[in-house]
file my_file26.pdb (PDB, C-alpha atoms)
ATOM      1  CA  MET C  10      74.021-125.973 237.649
ATOM      2  CA  GLU C  11      74.948-124.881 241.175
ATOM      3  CA  THR C  12      75.574-121.346 239.851
ATOM      4  CA  GLU C  13      72.120-121.033 238.300
ATOM      5  CA  PRO C  14      69.929-118.605 240.286
ATOM      6  CA  LEU C  15      66.930-120.918 239.867
ATOM      7  CA  LEU C  16      67.338-124.684 239.985
ATOM      8  CA  VAL C  17      64.547-126.908 238.680
ATOM      9  CA  THR C  18      64.352-130.662 239.164
ATOM     10  CA  THR C  19      61.540-133.125 238.485
ATOM     11  CA  ALA C  20      60.911-136.670 239.708
ATOM     12  CA  ASP C  21      57.823-138.848 240.146
ATOM     13  CA  GLY C  22      55.392-136.074 239.278
ATOM     14  CA  ILE C  23      56.998-133.579 241.691
ATOM     15  CA  ALA C  24      58.816-130.471 240.455
ATOM     16  CA  THR C  25      61.117-128.577 242.811
ATOM     17  CA  ILE C  26      62.159-124.987 242.154
ATOM     18  CA  VAL C  27      65.042-123.744 244.306
ATOM     19  CA  ILE C  28      65.819-120.023 244.629
ATOM     20  CA  ASN C  29      69.583-120.401 244.536
ATOM     21  CA  ARG C  30      71.368-117.283 245.799
ATOM     22  CA  PRO C  31      72.120-118.267 249.400
ATOM     23  CA  ALA C  32      74.959-115.749 249.759
ATOM     24  CA  ARG C  33      72.373-112.987 249.161
ATOM     25  CA  LYS C  34      69.686-114.660 251.274
ATOM     26  CA  ASN C  35      68.062-115.755 248.015
ATOM     27  CA  ALA C  36      67.247-112.201 246.966
ATOM     28  CA  ILE C  37      65.439-112.244 243.620
ATOM     29  CA  THR C  38      66.817-110.315 240.658
ATOM     30  CA  GLY C  39      64.724-108.791 237.909
ATOM     31  CA  ALA C  40      65.648-111.622 235.541
ATOM     32  CA  MET C  41      64.748-114.212 238.168
ATOM     33  CA  TRP C  42      61.193-112.875 238.496
ATOM     34  CA  VAL C  43      60.698-113.443 234.772
ATOM     35  CA  ASP C  44      62.318-116.871 234.782
ATOM     36  CA  LEU C  45      60.376-118.009 237.831
ATOM     37  CA  ALA C  46      57.058-117.204 236.170
ATOM     38  CA  ASP C  47      58.178-119.048 233.025
ATOM     39  CA  HIS C  48      59.218-122.141 234.992
ATOM     40  CA  VAL C  49      55.941-122.339 236.905
ATOM     41  CA  LEU C  50      53.837-121.874 233.771
ATOM     42  CA  ARG C  51      55.791-124.538 231.904
ATOM     43  CA  LEU C  52      55.695-127.066 234.733
ATOM     44  CA  SER C  53      52.021-126.622 235.553
ATOM     45  CA  SER C  54      50.862-126.811 231.939
ATOM     46  CA  GLY C  55      52.419-130.197 231.177
ATOM     47  CA  PRO C  56      50.836-133.597 231.809
ATOM     48  CA  ASP C  57      53.588-135.045 233.990
ATOM     49  CA  ILE C  58      53.858-132.637 236.935
ATOM     50  CA  ARG C  59      51.290-132.990 239.707
ATOM     51  CA  VAL C  60      52.745-130.744 242.405
ATOM     52  CA  ILE C  61      55.407-128.019 242.602
ATOM     53  CA  VAL C  62      57.620-127.305 245.619
ATOM     54  CA  LEU C  63      59.181-123.833 245.935
ATOM     55  CA  ARG C  64      62.068-123.443 248.353
ATOM     56  CA  GLY C  65      65.265-121.498 248.975
ATOM     57  CA  ALA C  66      68.825-122.767 248.962
ATOM     58  CA  GLY C  67      70.665-122.841 252.266
ATOM     59  CA  GLN C  68      69.126-121.410 255.422
ATOM     60  CA  ASP C  69      66.593-118.942 254.003
ATOM     61  CA  PHE C  70      63.535-118.977 251.768
ATOM     62  CA  SER C  71      64.013-115.516 250.275
ATOM     63  CA  ALA C  72      64.740-111.958 251.389
ATOM     64  CA  GLY C  73      62.553-110.747 248.518
ATOM     65  CA  ALA C  74      63.525-108.499 245.639
ATOM     66  CA  ASP C  75      67.219-107.666 245.216
ATOM     67  CA  ILE C  76      67.200-104.047 246.375
ATOM     68  CA  SER C  77      70.670-103.442 244.911
ATOM     69  CA  GLU C  78      69.007-103.330 241.469
ATOM     70  CA  PHE C  79      66.368-100.737 242.363
ATOM     71  CA  ASP C  80      68.330 -97.656 241.279
ATOM     72  CA  THR C  81      68.537 -99.023 237.749
ATOM     73  CA  LEU C  82      65.427-101.213 237.447
ATOM     74  CA  ARG C  83      63.077 -99.033 239.525
ATOM     75  CA  GLY C  84      64.666 -95.630 239.052
ATOM     76  CA  ASP C  85      61.538 -93.853 237.791
ATOM     77  CA  ALA C  86      57.790 -94.411 237.695
ATOM     78  CA  ASP C  87      57.751 -96.155 234.309
ATOM     79  CA  SER C  88      60.545 -98.580 235.145
ATOM     80  CA  ALA C  89      58.990 -99.218 238.561
ATOM     81  CA  ARG C  90      55.690-100.176 236.916
ATOM     82  CA  ALA C  91      57.480-102.481 234.493
ATOM     83  CA  TYR C  92      59.430-104.091 237.324
ATOM     84  CA  GLU C  93      56.283-104.562 239.395
ATOM     85  CA  ALA C  94      54.632-106.240 236.414
ATOM     86  CA  THR C  95      57.334-108.930 236.481
ATOM     87  CA  ASN C  96      56.682-109.446 240.195
ATOM     88  CA  SER C  97      52.966-109.745 239.558
ATOM     89  CA  ALA C  98      53.517-112.259 236.763
ATOM     90  CA  ALA C  99      55.478-114.510 239.125
ATOM     91  CA  PHE C 100      52.837-114.250 241.843
ATOM     92  CA  ALA C 101      50.094-114.955 239.299
ATOM     93  CA  ALA C 102      51.906-117.986 237.902
ATOM     94  CA  LEU C 103      51.960-119.560 241.359
ATOM     95  CA  ARG C 104      48.439-118.447 242.241
ATOM     96  CA  ASN C 105      46.955-119.697 238.970
ATOM     97  CA  SER C 106      49.004-122.871 238.641
ATOM     98  CA  THR C 107      46.655-125.734 237.840
ATOM     99  CA  VAL C 108      48.680-127.992 240.133
ATOM    100  CA  PRO C 109      49.205-127.340 243.861
ATOM    101  CA  VAL C 110      52.290-125.413 244.914
ATOM    102  CA  ILE C 111      53.963-125.923 248.300
ATOM    103  CA  ALA C 112      56.222-123.276 249.843
ATOM    104  CA  ALA C 113      58.922-124.960 251.950
ATOM    105  CA  ILE C 114      60.128-122.135 254.190
ATOM    106  CA  ARG C 115      63.286-121.892 256.244
ATOM    107  CA  GLY C 116      64.631-118.715 257.795
ATOM    108  CA  ILE C 117      63.892-115.369 256.188
ATOM    109  CA  CYS C 118      60.693-114.964 254.144
ATOM    110  CA  PHE C 119      60.482-111.224 253.517
ATOM    111  CA  GLY C 120      58.897-108.852 251.029
ATOM    112  CA  GLY C 121      58.596-110.401 247.585
ATOM    113  CA  GLY C 122      59.648-113.724 249.097
ATOM    114  CA  PHE C 123      56.635-113.524 251.391
ATOM    115  CA  GLY C 124      54.548-112.649 248.346
ATOM    116  CA  LEU C 125      55.706-115.788 246.560
ATOM    117  CA  ALA C 126      54.931-117.925 249.603
ATOM    118  CA  ALA C 127      51.512-116.298 250.011
ATOM    119  CA  ALA C 128      50.676-117.141 246.383
ATOM    120  CA  CYS C 129      51.375-120.827 247.041
ATOM    121  CA  ASP C 130      48.658-123.271 248.103
ATOM    122  CA  LEU C 131      50.375-124.674 251.194
ATOM    123  CA  ARG C 132      53.092-123.187 253.400
ATOM    124  CA  ILE C 133      55.211-125.275 255.773
ATOM    125  CA  ALA C 134      58.097-123.841 257.783
ATOM    126  CA  THR C 135      60.833-124.622 260.239
ATOM    127  CA  PRO C 136      60.708-123.001 263.704
ATOM    128  CA  ASP C 137      63.330-120.387 262.730
ATOM    129  CA  ALA C 138      61.219-118.909 259.926
ATOM    130  CA  LEU C 139      60.636-115.143 260.010
ATOM    131  CA  PHE C 140      58.056-113.216 257.987
ATOM    132  CA  ALA C 141      57.871-109.523 257.069
ATOM    133  CA  VAL C 142      56.486-107.167 254.410
ATOM    134  CA  PRO C 143      58.826-104.148 254.681
ATOM    135  CA  ALA C 144      57.576-102.100 251.693
ATOM    136  CA  ALA C 145      56.713 -99.157 253.974
ATOM    137  CA  ARG C 146      60.358 -98.869 255.013
ATOM    138  CA  LEU C 147      61.304 -98.418 251.359
ATOM    139  CA  GLY C 148      58.558 -95.936 250.551
ATOM    140  CA  LEU C 149      56.872 -98.364 248.179
ATOM    141  CA  ALA C 150      53.387 -99.801 247.857
ATOM    142  CA  TYR C 151      53.005-103.561 247.748
ATOM    143  CA  PRO C 152      51.462-104.828 244.463
ATOM    144  CA  GLN C 153      47.678-104.932 244.742
ATOM    145  CA  ASP C 154      47.320-108.450 243.374
ATOM    146  CA  ALA C 155      49.978-109.763 245.719
ATOM    147  CA  MET C 156      48.260-107.996 248.603
ATOM    148  CA  GLY C 157      45.241-110.132 247.835
ATOM    149  CA  ASP C 158      47.362-113.230 248.362
ATOM    150  CA  ILE C 159      48.612-111.901 251.687
ATOM    151  CA  VAL C 160      45.084-111.108 252.877
ATOM    152  CA  TRP C 161      43.917-114.615 251.899
ATOM    153  CA  ALA C 162      46.920-116.211 253.604
ATOM    154  CA  ALA C 163      47.149-114.090 256.736
ATOM    155  CA  GLY C 164      43.713-112.530 257.147
ATOM    156  CA  PRO C 165      43.052-108.776 256.964
ATOM    157  CA  GLN C 166      44.153-107.977 260.522
ATOM    158  CA  MET C 167      47.586-109.573 260.176
ATOM    159  CA  ALA C 168      47.958-108.167 256.654
ATOM    160  CA  ARG C 169      47.389-104.691 258.083
ATOM    161  CA  TYR C 170      49.913-105.243 260.860
ATOM    162  CA  LEU C 171      52.599-106.579 258.522
ATOM    163  CA  THR C 172      52.211-103.827 255.929
ATOM    164  CA  TYR C 173      51.542-100.859 258.219
ATOM    165  CA  THR C 174      54.401-101.586 260.636
ATOM    166  CA  SER C 175      56.871-103.557 258.468
ATOM    167  CA  GLY C 176      57.173-105.692 261.611
ATOM    168  CA  ARG C 177      58.493-109.223 261.697
ATOM    169  CA  ILE C 178      56.608-112.223 263.004
ATOM    170  CA  ASP C 179      57.997-115.628 263.862
ATOM    171  CA  ALA C 180      56.808-119.045 262.734
ATOM    172  CA  GLN C 181      54.508-119.543 265.706
ATOM    173  CA  ALA C 182      52.736-116.241 265.076
ATOM    174  CA  ALA C 183      52.450-117.136 261.396
ATOM    175  CA  LEU C 184      50.928-120.495 262.315
ATOM    176  CA  SER C 185      48.430-118.833 264.650
ATOM    177  CA  ALA C 186      47.443-116.391 261.892
ATOM    178  CA  GLY C 187      46.836-119.213 259.452
ATOM    179  CA  ILE C 188      49.778-118.314 257.207
ATOM    180  CA  LEU C 189      51.379-121.698 257.862
ATOM    181  CA  LEU C 190      49.919-125.171 257.688
ATOM    182  CA  GLU C 191      52.609-126.670 259.925
ATOM    183  CA  ILE C 192      55.868-125.958 261.725
ATOM    184  CA  ILE C 193      58.270-128.870 261.354
ATOM    185  CA  GLU C 194      61.596-129.384 263.124
ATOM    186  CA  PRO C 195      64.618-129.174 260.771
ATOM    187  CA  ALA C 196      65.473-132.865 261.116
ATOM    188  CA  ARG C 197      62.063-133.870 259.730
ATOM    189  CA  PHE C 198      61.424-130.910 257.449
ATOM    190  CA  ASP C 199      62.552-132.350 254.117
ATOM    191  CA  SER C 200      60.882-135.688 254.733
ATOM    192  CA  ARG C 201      57.592-133.981 255.637
ATOM    193  CA  ILE C 202      57.678-131.865 252.470
ATOM    194  CA  ASP C 203      58.360-135.021 250.487
ATOM    195  CA  GLU C 204      55.552-136.891 252.241
ATOM    196  CA  ILE C 205      52.932-134.255 251.445
ATOM    197  CA  SER C 206      54.211-133.832 247.891
ATOM    198  CA  ARG C 207      54.076-137.552 247.193
ATOM    199  CA  THR C 208      50.604-137.874 248.684
ATOM    200  CA  ILE C 209      49.322-135.148 246.369
ATOM    201  CA  ALA C 210      51.173-136.608 243.365
ATOM    202  CA  GLU C 211      49.671-140.062 243.976
ATOM    203  CA  ASN C 212      46.089-138.779 244.165
ATOM    204  CA  ALA C 213      43.895-138.307 241.099
ATOM    205  CA  PRO C 214      45.226-135.212 239.279
ATOM    206  CA  LEU C 215      41.845-134.190 237.861
ATOM    207  CA  SER C 216      40.330-134.329 241.344
ATOM    208  CA  VAL C 217      43.128-132.243 242.859
ATOM    209  CA  ARG C 218      42.893-129.667 240.072
ATOM    210  CA  ALA C 219      39.119-129.497 240.476
ATOM    211  CA  SER C 220      39.531-128.934 244.215
ATOM    212  CA  LYS C 221      42.011-126.124 243.629
ATOM    213  CA  ALA C 222      39.629-124.475 241.171
ATOM    214  CA  ALA C 223      36.671-124.880 243.534
ATOM    215  CA  ILE C 224      38.565-123.375 246.479
ATOM    216  CA  ARG C 225      39.592-120.365 244.382
ATOM    217  CA  ALA C 226      35.997-119.888 243.271
ATOM    218  CA  ALA C 227      34.746-120.139 246.850
ATOM    219  CA  LEU C 228      37.168-117.425 247.933
ATOM    220  CA  SER C 229      36.739-115.077 244.990
ATOM    221  CA  HIS C 230      32.987-115.427 244.318
ATOM    222  CA  ASP C 231      33.921-114.658 240.704
ATOM    223  CA  ALA C 232      31.377-115.972 238.199
ATOM    224  CA  GLY C 233      34.061-116.951 235.710
ATOM    225  CA  GLU C 234      36.003-118.917 238.294
ATOM    226  CA  VAL C 235      32.809-120.581 239.506
ATOM    227  CA  ALA C 236      32.136-121.750 235.952
ATOM    228  CA  LEU C 237      35.691-123.036 235.540
ATOM    229  CA  ALA C 238      35.440-124.902 238.833
ATOM    230  CA  GLN C 239      32.153-126.487 237.810
ATOM    231  CA  ALA C 240      33.655-127.606 234.502
ATOM    232  CA  ALA C 241      36.718-129.035 236.254
ATOM    233  CA  GLY C 242      34.492-130.995 238.618
ATOM    234  CA  ASP C 243      32.296-132.252 235.792
ATOM    235  CA  ALA C 244      35.379-133.510 233.953
ATOM    236  CA  THR C 245      36.039-136.017 236.736
ATOM    237  CA  PHE C 246      32.683-137.794 236.381
ATOM    238  CA  LEU C 247      33.491-139.744 233.217
ATOM    239  CA  SER C 248      37.259-139.844 233.662
ATOM    240  CA  ASP C 249      39.352-142.992 233.521
ATOM    241  CA  ASP C 250      40.700-142.061 236.937
ATOM    242  CA  TYR C 251      37.188-142.200 238.428
ATOM    243  CA  ALA C 252      36.794-145.700 237.014
ATOM    244  CA  GLU C 253      40.217-146.624 238.382
ATOM    245  CA  GLY C 254      39.344-145.247 241.813
ATOM    246  CA  ARG C 255      36.171-147.310 241.990
ATOM    247  CA  ALA C 256      37.930-150.448 240.763
ATOM    248  CA  ALA C 257      40.776-150.009 243.239
ATOM    249  CA  PHE C 258      38.334-149.504 246.105
ATOM    250  CA  ALA C 259      36.397-152.630 245.142
ATOM    251  CA  GLY C 260      39.593-154.627 244.721
ATOM    252  CA  ARG C 261      41.136-153.321 247.961
ATOM    253  CA  ARG C 262      44.250-152.124 246.172
ATOM    254  CA  THR C 263      46.081-148.829 245.725
ATOM    255  CA  PRO C 264      44.790-146.903 242.718
ATOM    256  CA  VAL C 265      47.140-145.821 239.942
ATOM    257  CA  PHE C 266      45.874-142.566 238.475
ATOM    258  CA  LYS C 267      46.867-141.376 235.003
ATOM    259  CA  GLY C 268      45.322-137.932 234.975
ATOM    260  CA  HIS C 269      42.645-138.550 232.354
TER     261      HIS C 269
END
call {"tool": "encode", "arguments": {"input": "my_file26.pdb", "output": "structure tokens"}}
result
Amino acid sequence: METEPLLVTTADGIATIVINRPARKNAITGAMWVDLADHVLRLSSGPDIRVIVLRGAGQDFSAGADISEFDTLRGDADSARAYEATNSAAFAALRNSTVPVIAAIRGICFGGGFGLAAACDLRIATPDALFAVPAARLGLAYPQDAMGDIVWAAGPQMARYLTYTSGRIDAQAALSAGILLEIIEPARFDSRIDEISRTIAENAPLSVRASKAAIRAALSHDAGEVALAQAAGDATFLSDDYAEGRAAFAGRRTPVFKGH
């Protein structure tokens, strides 16, 4: 399993996806984009997973797309469009996941790696994390849908700076811009990721999913997403988990939510 470019483990309602090419700074191949989207869709559509953690093996999150493949996989306009579609599918899988996704970021988080992190719900990093969107140095345009994620995560001013200049920012600048939720020292990093993941996994899944849908609707102002969010909220009113939450509160005990 250690040679697999993507490692997936599950335990206690938490799925962890590891980008596993540390010798290449976790650069993502064309096949990996496809597989990553498939993994996220499969994990988020099942009844057992309540949160997904995306991280990189070793010292880096991801350097982005594996540029060594570009001559063959992005050699002309048609192949470039097809390649970009696989990128977009991976970003969309994370963005549209019905369960929250946490990006656990160490070291380099560049290009498509930044795009993956931006599509996640929460981003937590170590102090050594570095962020960049260097498409302009390659003569490429960043995918429009992924740019939306970057604007939501970083704000329009920082999105402009990152894409116009291809400049790098450190973890503190990313925190100030709102890209990061927290910066955590390496010694406590894994335990903090686990703490947040377990807290989410122990809460009522229907409530968490409804919150995710409502936040998306609030940001997009899309009528379809507003309707989906309203339906997700309504589904909690007569749920068994709502009854369990009330009973646990009255009985002064910890609730055990089943997700229905």
call {"tool": "resolve_selection", "arguments": {"input": "my_file26.pdb", "expression": "the PyMOL selection byres ((chain C and resi 73-89) around 8)", "output": "list in words"}}
result
Asn35, Ala36, Ile37, Thr38, Gly39, Ser71, Ala72, Arg90, Ala91, Tyr92, Glu93, Cys118, Phe119, Gly120, Gly121, Gly122 and Phe123 of chain C
call {"tool": "closest_atom_pairs", "arguments": {"input": "my_file26.pdb", "of": "range 85-178 of chain C", "to": "range 49-61 of chain C", "cutoff": "8 Å", "atoms": "only C-alpha atoms", "output": "JSON lines"}}
result
{"residue": "C:Ala102", "atom": "CA", "partner": "C:Leu50", "partner_atom": "CA", "distance": 6.0}
{"residue": "C:Leu103", "atom": "CA", "partner": "C:Val49", "partner_atom": "CA", "distance": 6.6}
{"residue": "C:Ser106", "atom": "CA", "partner": "C:Ser53", "partner_atom": "CA", "distance": 5.7}
{"residue": "C:Thr107", "atom": "CA", "partner": "C:Ser53", "partner_atom": "CA", "distance": 5.9}
{"residue": "C:Val108", "atom": "CA", "partner": "C:Val60", "partner_atom": "CA", "distance": 5.4}
{"residue": "C:Pro109", "atom": "CA", "partner": "C:Val60", "partner_atom": "CA", "distance": 5.1}
{"residue": "C:Val110", "atom": "CA", "partner": "C:Ile61", "partner_atom": "CA", "distance": 4.7}
{"residue": "C:Ile111", "atom": "CA", "partner": "C:Ile61", "partner_atom": "CA", "distance": 6.2}
call {"tool": "axis_aligned_box", "arguments": {"input": "my_file26.pdb", "around": "range 231-250 of chain C", "padding_each_side": "3 Å", "output": "JSON"}}
result
{"center_x": 36.0, "center_y": -128.8, "center_z": 237.0, "size_x": 15.3, "size_y": 34.3, "size_z": 13.5}
call {"tool": "residues_around", "arguments": {"input": "my_file26.pdb", "residues": "Ala138 in chain C", "least_positions_apart": "5", "cutoff": "10 Å", "atoms": "all atoms listed in the file", "output": "list in words"}}
result
Gln68, Asp69, Phe70, Ile114, Arg115, Gly116, Ile117, Cys118, Ile133, Ile178, Asp179, Ala180, Gln181, Ala183 and Ile192 of chain C
call {"tool": "closest_residue", "arguments": {"input": "my_file26.pdb", "among": "C:Leu16, C:Leu184, C:Ala141, C:Met41", "to": "Asn96 in chain C", "atoms": "all atoms listed in the file"}}
result
C:Met41
call {"tool": "atom_distance", "arguments": {"input": "my_file26.pdb", "atom1": "CA of Ala222 in chain C", "atom2": "CA of Ser97 in chain C"}}
result
19.9 Å
call {"tool": "closest_residue", "arguments": {"input": "my_file26.pdb", "among": "C:Phe198, C:Phe266, C:Phe100, C:Phe140", "to": "Ala113 in chain C", "atoms": "only C-alpha atoms"}}
result
C:Phe198
call {"tool": "closest_atom_pairs", "arguments": {"input": "my_file26.pdb", "of": "range 44-134 of chain C", "to": "range 156-167 of chain C", "cutoff": "9 Å", "atoms": "only C-alpha atoms", "output": "CSV"}}
result
residue,atom,partner,partner_atom,distance
C:Phe100,CA,C:Asp158,CA,8.6
C:Arg104,CA,C:Asp158,CA,8.1
C:Phe123,CA,C:Ile159,CA,8.2
C:Gly124,CA,C:Ile159,CA,6.9
C:Leu125,CA,C:Asp158,CA,8.9
C:Ala126,CA,C:Ile159,CA,9.0
C:Ala127,CA,C:Asp158,CA,5.4
C:Ala128,CA,C:Asp158,CA,5.5
C:Cys129,CA,C:Asp158,CA,8.7
call {"tool": "closest_residue", "arguments": {"input": "my_file26.pdb", "among": "C:Ala155, C:Ala227, C:Ala94, C:Arg177", "to": "Val142 in chain C", "atoms": "all atoms listed in the file"}}
result
C:Arg177
call {"tool": "atom_distance", "arguments": {"input": "my_file26.pdb", "atom1": "CA of Leu189 in chain C", "atom2": "CA of Tyr170 in chain C"}}
result
16.8 Å
call {"tool": "resolve_selection", "arguments": {"input": "my_file26.pdb", "expression": "the PyMOL selection byres ((chain C and resi 14) around 7)", "output": "ChimeraX atom specification"}}
result
/C:12-13,15-16,28-30
call {"tool": "closest_residue", "arguments": {"input": "my_file26.pdb", "among": "C:Val217, C:Ala134, C:Val235, C:Ala223", "to": "Ile193 in chain C", "atoms": "all atoms listed in the file"}}
result
C:Ala134
call {"tool": "atom_distance", "arguments": {"input": "my_file26.pdb", "atom1": "CA of Val265 in chain C", "atom2": "CA of Thr245 in chain C"}}
result
15.2 Å
call {"tool": "residues_around", "arguments": {"input": "my_file26.pdb", "residues": "Thr263 in chain C", "least_positions_apart": "4", "cutoff": "10 Å", "atoms": "only C-alpha atoms", "output": "list in words"}}
result
Glu211, Glu253, Gly254, Ala256, Ala257 and Phe258 of chain C
call {"tool": "closest_residue", "arguments": {"input": "my_file26.pdb", "among": "C:Gly187, C:Lys34, C:Leu131, C:Ala101", "to": "Leu63 in chain C", "atoms": "all atoms listed in the file"}}
result
C:Leu131
call {"tool": "decode", "arguments": {"input": "my_file26.pdb", "residues": "range 50-58 of chain C", "atoms": "all heavy atoms", "output": "PDB file, in the first residue's frame"}}
result
ATOM      1  N   LEU C  50     -16.051  11.055  -3.982  1.00  0.00           N
ATOM      2  CA  LEU C  50     -17.454  10.782  -4.283  1.00  0.00           C
ATOM      3  C   LEU C  50     -17.937   9.521  -3.569  1.00  0.00           C
ATOM      4  O   LEU C  50     -19.038   9.489  -3.003  1.00  0.00           O
ATOM      5  CB  LEU C  50     -17.645  10.647  -5.792  1.00  0.00           C
ATOM      6  CG  LEU C  50     -17.514  11.939  -6.603  1.00  0.00           C
ATOM      7  CD1 LEU C  50     -17.495  11.633  -8.091  1.00  0.00           C
ATOM      8  CD2 LEU C  50     -18.645  12.899  -6.275  1.00  0.00           C
ATOM      9  N   ARG C  51     -17.117   8.494  -3.591  1.00  0.00           N
ATOM     10  CA  ARG C  51     -17.505   7.234  -2.938  1.00  0.00           C
ATOM     11  C   ARG C  51     -17.624   7.412  -1.436  1.00  0.00           C
ATOM     12  O   ARG C  51     -18.607   6.979  -0.821  1.00  0.00           O
ATOM     13  CB  ARG C  51     -16.463   6.147  -3.256  1.00  0.00           C
ATOM     14  CG  ARG C  51     -16.680   4.835  -2.509  1.00  0.00           C
ATOM     15  CD  ARG C  51     -15.628   3.817  -2.893  1.00  0.00           C
ATOM     16  NE  ARG C  51     -14.278   4.282  -2.660  1.00  0.00           N
ATOM     17  CZ  ARG C  51     -13.666   4.236  -1.471  1.00  0.00           C
ATOM     18  NH1 ARG C  51     -14.305   3.765  -0.405  1.00  0.00           N
ATOM     19  NH2 ARG C  51     -12.423   4.659  -1.346  1.00  0.00           N
ATOM     20  N   LEU C  52     -16.660   8.059  -0.828  1.00  0.00           N
ATOM     21  CA  LEU C  52     -16.662   8.218   0.629  1.00  0.00           C
ATOM     22  C   LEU C  52     -17.802   9.101   1.104  1.00  0.00           C
ATOM     23  O   LEU C  52     -18.443   8.812   2.120  1.00  0.00           O
ATOM     24  CB  LEU C  52     -15.321   8.803   1.076  1.00  0.00           C
ATOM     25  CG  LEU C  52     -14.102   7.894   0.911  1.00  0.00           C
ATOM     26  CD1 LEU C  52     -12.819   8.702   1.050  1.00  0.00           C
ATOM     27  CD2 LEU C  52     -14.120   6.748   1.913  1.00  0.00           C
ATOM     28  N   SER C  53     -18.074  10.172   0.377  1.00  0.00           N
ATOM     29  CA  SER C  53     -19.090  11.120   0.838  1.00  0.00           C
ATOM     30  C   SER C  53     -20.507  10.647   0.558  1.00  0.00           C
ATOM     31  O   SER C  53     -21.464  11.176   1.136  1.00  0.00           O
ATOM     32  CB  SER C  53     -18.869  12.496   0.202  1.00  0.00           C
ATOM     33  OG  SER C  53     -19.008  12.442  -1.198  1.00  0.00           O
ATOM     34  N   SER C  54     -20.670   9.666  -0.308  1.00  0.00           N
ATOM     35  CA  SER C  54     -22.015   9.197  -0.641  1.00  0.00           C
ATOM     36  C   SER C  54     -22.483   8.057   0.251  1.00  0.00           C
ATOM     37  O   SER C  54     -23.675   7.723   0.243  1.00  0.00           O
ATOM     38  CB  SER C  54     -22.077   8.744  -2.103  1.00  0.00           C
ATOM     39  OG  SER C  54     -21.208   7.640  -2.335  1.00  0.00           O
ATOM     40  N   GLY C  55     -21.593   7.461   1.014  1.00  0.00           N
ATOM     41  CA  GLY C  55     -21.965   6.353   1.885  1.00  0.00           C
ATOM     42  C   GLY C  55     -22.495   6.824   3.225  1.00  0.00           C
ATOM     43  O   GLY C  55     -22.340   7.996   3.595  1.00  0.00           O
ATOM     44  N   PRO C  56     -23.109   5.921   3.986  1.00  0.00           N
ATOM     45  CA  PRO C  56     -23.712   6.310   5.262  1.00  0.00           C
ATOM     46  C   PRO C  56     -22.736   6.368   6.436  1.00  0.00           C
ATOM     47  O   PRO C  56     -23.082   6.897   7.495  1.00  0.00           O
ATOM     48  CB  PRO C  56     -24.750   5.206   5.492  1.00  0.00           C
ATOM     49  CG  PRO C  56     -24.139   3.998   4.835  1.00  0.00           C
ATOM     50  CD  PRO C  56     -23.402   4.512   3.630  1.00  0.00           C
ATOM     51  N   ASP C  57     -21.549   5.811   6.261  1.00  0.00           N
ATOM     52  CA  ASP C  57     -20.654   5.625   7.410  1.00  0.00           C
ATOM     53  C   ASP C  57     -19.649   6.748   7.627  1.00  0.00           C
ATOM     54  O   ASP C  57     -19.152   6.930   8.738  1.00  0.00           O
ATOM     55  CB  ASP C  57     -19.893   4.300   7.270  1.00  0.00           C
ATOM     56  CG  ASP C  57     -20.820   3.092   7.241  1.00  0.00           C
ATOM     57  OD1 ASP C  57     -21.860   3.152   7.935  1.00  0.00           O
ATOM     58  OD2 ASP C  57     -20.515   2.139   6.521  1.00  0.00           O
ATOM     59  N   ILE C  58     -19.311   7.490   6.572  1.00  0.00           N
ATOM     60  CA  ILE C  58     -18.285   8.520   6.673  1.00  0.00           C
ATOM     61  C   ILE C  58     -18.929   9.863   6.991  1.00  0.00           C
ATOM     62  O   ILE C  58     -19.861  10.295   6.319  1.00  0.00           O
ATOM     63  CB  ILE C  58     -17.464   8.606   5.372  1.00  0.00           C
ATOM     64  CG1 ILE C  58     -16.770   7.275   5.105  1.00  0.00           C
ATOM     65  CG2 ILE C  58     -16.442   9.739   5.460  1.00  0.00           C
ATOM     66  CD1 ILE C  58     -15.871   6.796   6.233  1.00  0.00           C
TER      67      ILE C  58
END
